[in-house]
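All remarks here apply to the structure that follows.
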Amino acid sequence: RAFSGAYSGSAFNPIPYATVAALVAIYLGLGIGTVEQAANGAALVVCGSILKDFVLPKLLKVQKYVICPLIDMANHVGVGASGNVAFEYFSDGFSLSSLEPGVSQGSEMFIQYGPRNNDQLLQYYGFVEENNAHDVYILPPIREWDIGALEEACGRKVGPGRLEKLDRAGLLGRATTNLESTSNVDAANDIGGVVLTRATGIDPAVIQALRALISSEDEWEEAGEAIGNFATEVSLENERAARMAVRKAMELELDGKPTTMQEDENLLNVFGAKSGTDVEEILAVKFRLEKKKLLQEAIGNMR
């Protein structure tokens, strides 16, 4: 496992300092110059070393990626890590120390691999974190949403010109049936899907798009038929309708899954009760369950 962090430069190297001390002694012993001159030269070397090892790496925000035996065996937790990994300048090594006093012997110490969602944790580290604070879900782009169902849910109709304006503003995403051959098919969100995170909820740009999409004729005209003027709340009724539309889209997404959350939980219980179950199958069920939980939380937050 590789992890990254703030880099404080190279390790302490006593050779330059020993060399300076020897040169100062020779300089003074042979009477080449004064004590002040020798001190100025030594100070210049010391300051240059400090600048190289401490100041420049922090100013340039240098990061160093390492694979460190033993320390990289520490498990990850997204929030509330109990261990801290640091580079020790004088000992030229990495240390894992407790962030909390009174850690009992034999207890596990967790570190954080970074703010990683479950897609990254599963792909790069081979596990899924339950209730991951950094988890992400990508819904289909707005152009693929069931507009009729959204209209029924929010009690408003999509007026003329709204979808065209959103499309020109790039808020509808890309059509999956019309992707260019030059598109990056390996990108996580190549079609411009709607991003939902546990930390911040639905993408604010989506709420803006829905405000414009289900706006009344009066609201549309007052906004100058400009999508940018829907960046903030335009009315209580419009905001309520937009949130109901987003909620309905997420409900349809969750209902469209082949299995329910309860079925996934039951399946995990079955896996736990018998031996020989493929680890990859267990991880796949855990992964999809966590995504459904994220969707369910977001639906509840849209009430």
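Each chain of the structure tokens is named A, B, ... in the order shown, its residues numbered from 1; ligands are numbered from 1 in display order.
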
Q.
Which residues are close to Asn266 (chain A), i.e. within 12 Å by only C-alpha atoms, leaving aside same-chain residues fewer than 6 positions away? Reply as a PyMOL selection string.
A. chain A and resi 259-260+272-273+282+285-286+289

Write the residues you've just listed into a file as a PDB file, in the first residue's frame, and include N, CA and C atoms for each of them.
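The result, stored in result.pdb:
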```pdb
ATOM      1  N   THR A 259     -31.566  -5.751  -6.685  1.00  0.00           N
ATOM      2  CA  THR A 259     -31.808  -6.241  -5.320  1.00  0.00           C
ATOM      3  C   THR A 259     -32.062  -5.063  -4.390  1.00  0.00           C
ATOM      4  N   THR A 260     -32.753  -5.330  -3.288  1.00  0.00           N
ATOM      5  CA  THR A 260     -33.011  -4.300  -2.287  1.00  0.00           C
ATOM      6  C   THR A 260     -31.898  -4.298  -1.249  1.00  0.00           C
ATOM      7  N   GLY A 272     -21.731 -14.935   5.735  1.00  0.00           N
ATOM      8  CA  GLY A 272     -21.026 -15.017   7.001  1.00  0.00           C
ATOM      9  C   GLY A 272     -21.271 -16.311   7.747  1.00  0.00           C
ATOM     10  N   ALA A 273     -22.384 -16.958   7.441  1.00  0.00           N
ATOM     11  CA  ALA A 273     -22.739 -18.183   8.158  1.00  0.00           C
ATOM     12  C   ALA A 273     -22.140 -19.435   7.537  1.00  0.00           C
ATOM     13  N   ILE A 282     -18.320 -11.369  -1.871  1.00  0.00           N
ATOM     14  CA  ILE A 282     -18.686 -10.654  -0.638  1.00  0.00           C
ATOM     15  C   ILE A 282     -18.427  -9.155  -0.804  1.00  0.00           C
ATOM     16  N   VAL A 285     -21.064  -7.411  -2.991  1.00  0.00           N
ATOM     17  CA  VAL A 285     -22.338  -7.163  -2.306  1.00  0.00           C
ATOM     18  C   VAL A 285     -22.187  -6.012  -1.311  1.00  0.00           C
ATOM     19  N   LYS A 286     -21.069  -5.988  -0.584  1.00  0.00           N
ATOM     20  CA  LYS A 286     -20.829  -4.886   0.349  1.00  0.00           C
ATOM     21  C   LYS A 286     -20.765  -3.552  -0.392  1.00  0.00           C
ATOM     22  N   LEU A 289     -24.208  -2.440  -1.551  1.00  0.00           N
ATOM     23  CA  LEU A 289     -25.023  -2.077  -0.393  1.00  0.00           C
ATOM     24  C   LEU A 289     -24.665  -0.693   0.111  1.00  0.00           C
TER      25      LEU A 289
END
```

Q: Name the residues of region 92-219 of chain A that come out as alpha helix (DSSP H) in a backbone DSSP run; write them as a VMD selection string.
A: chain A and resid 118 to 120 147 to 154 162 to 168 204 to 213 217 to 219

Q.
I need the residue nearest Asn13 (chain A) from this list: A:Asn75, A:Ser91, A:Asn40, A:Ser97. Use only C-alpha atoms for the distance.
A.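 Once distances to Asn13 (chain A) are computed over only C-alpha atoms, the minimum belongs to A:Ser91.
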
Q: Compare A:Leu59, A:Met109, A:Val195, A:Ala153 by their minimum atom-to-atom distance to Met73 (chain A), counting only C-alpha atoms, and give me the closest one.
A: A:Met109

Do you have, as a Markdown table, the list of residues of region 121-178 of chain A lying at most 6 Å from region 197-218 of chain A, each with its nearest atom pair and that distance in Å to one decimal, counting only C-alpha atoms and ordered by chain then number?
```
| residue | atom | partner | partner_atom | distance |
| --- | --- | --- | --- | --- |
| A:Ala133 | CA | A:Arg198 | CA | 5.9 |
| A:Asp135 | CA | A:Arg198 | CA | 5.8 |
| A:Val136 | CA | A:Thr197 | CA | 4.4 |
| A:Val158 | CA | A:Ile214 | CA | 5.0 |
| A:Arg162 | CA | A:Leu213 | CA | 5.4 |
```

Q: Counting only C-alpha atoms, figure out which residue out of A:Val234, A:Tyr17, A:Pro258, A:Glu225 gets nearest to Ser49 (chain A).
A: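 Among the listed residues, A:Tyr17 lies closest to Ser49 (chain A).
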
**Q.** Minimum-distance residue to Cys154 (chain A), chosen among A:Arg174, A:Lys248, A:Arg168, A:His76 (using only C-alpha atoms)
**A.** A:Lys248

Q: Determine the nearest neighbour of Phe287 (chain A) from the options A:Phe87, A:Tyr27, A:Phe127, A:Tyr113, counting only C-alpha atoms.
A: A:Phe127

Q | For Asn189 (chain A), the nearest of the candidates A:Gln120, A:Gly173, A:Met244, A:Met261, counting only C-alpha atoms | A |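 Closest candidate: A:Gly173.
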
Q: Quick one: everything within 12 Å of Gly83 (chain A), counting only C-alpha atoms, minus sequence neighbours fewer than 3 positions away in the same chain. Send it as a PyMOL selection string.
A: chain A and resi 71-72+74-77+79-80+86+95-101+103+107-113

(Q) Please compute the CA of Ser235 (chain A)-CA of Met302 (chain A) distance, one decimal, in Å. (A)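 CA of Met302 (chain A) lies 16.6 Å from CA of Ser235 (chain A).
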
Q | Distance in Å - CA of Leu267 (chain A) versus CA of Leu254 (chain A) | A |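 Rounded to one decimal, the two atoms are 18.0 Å apart.
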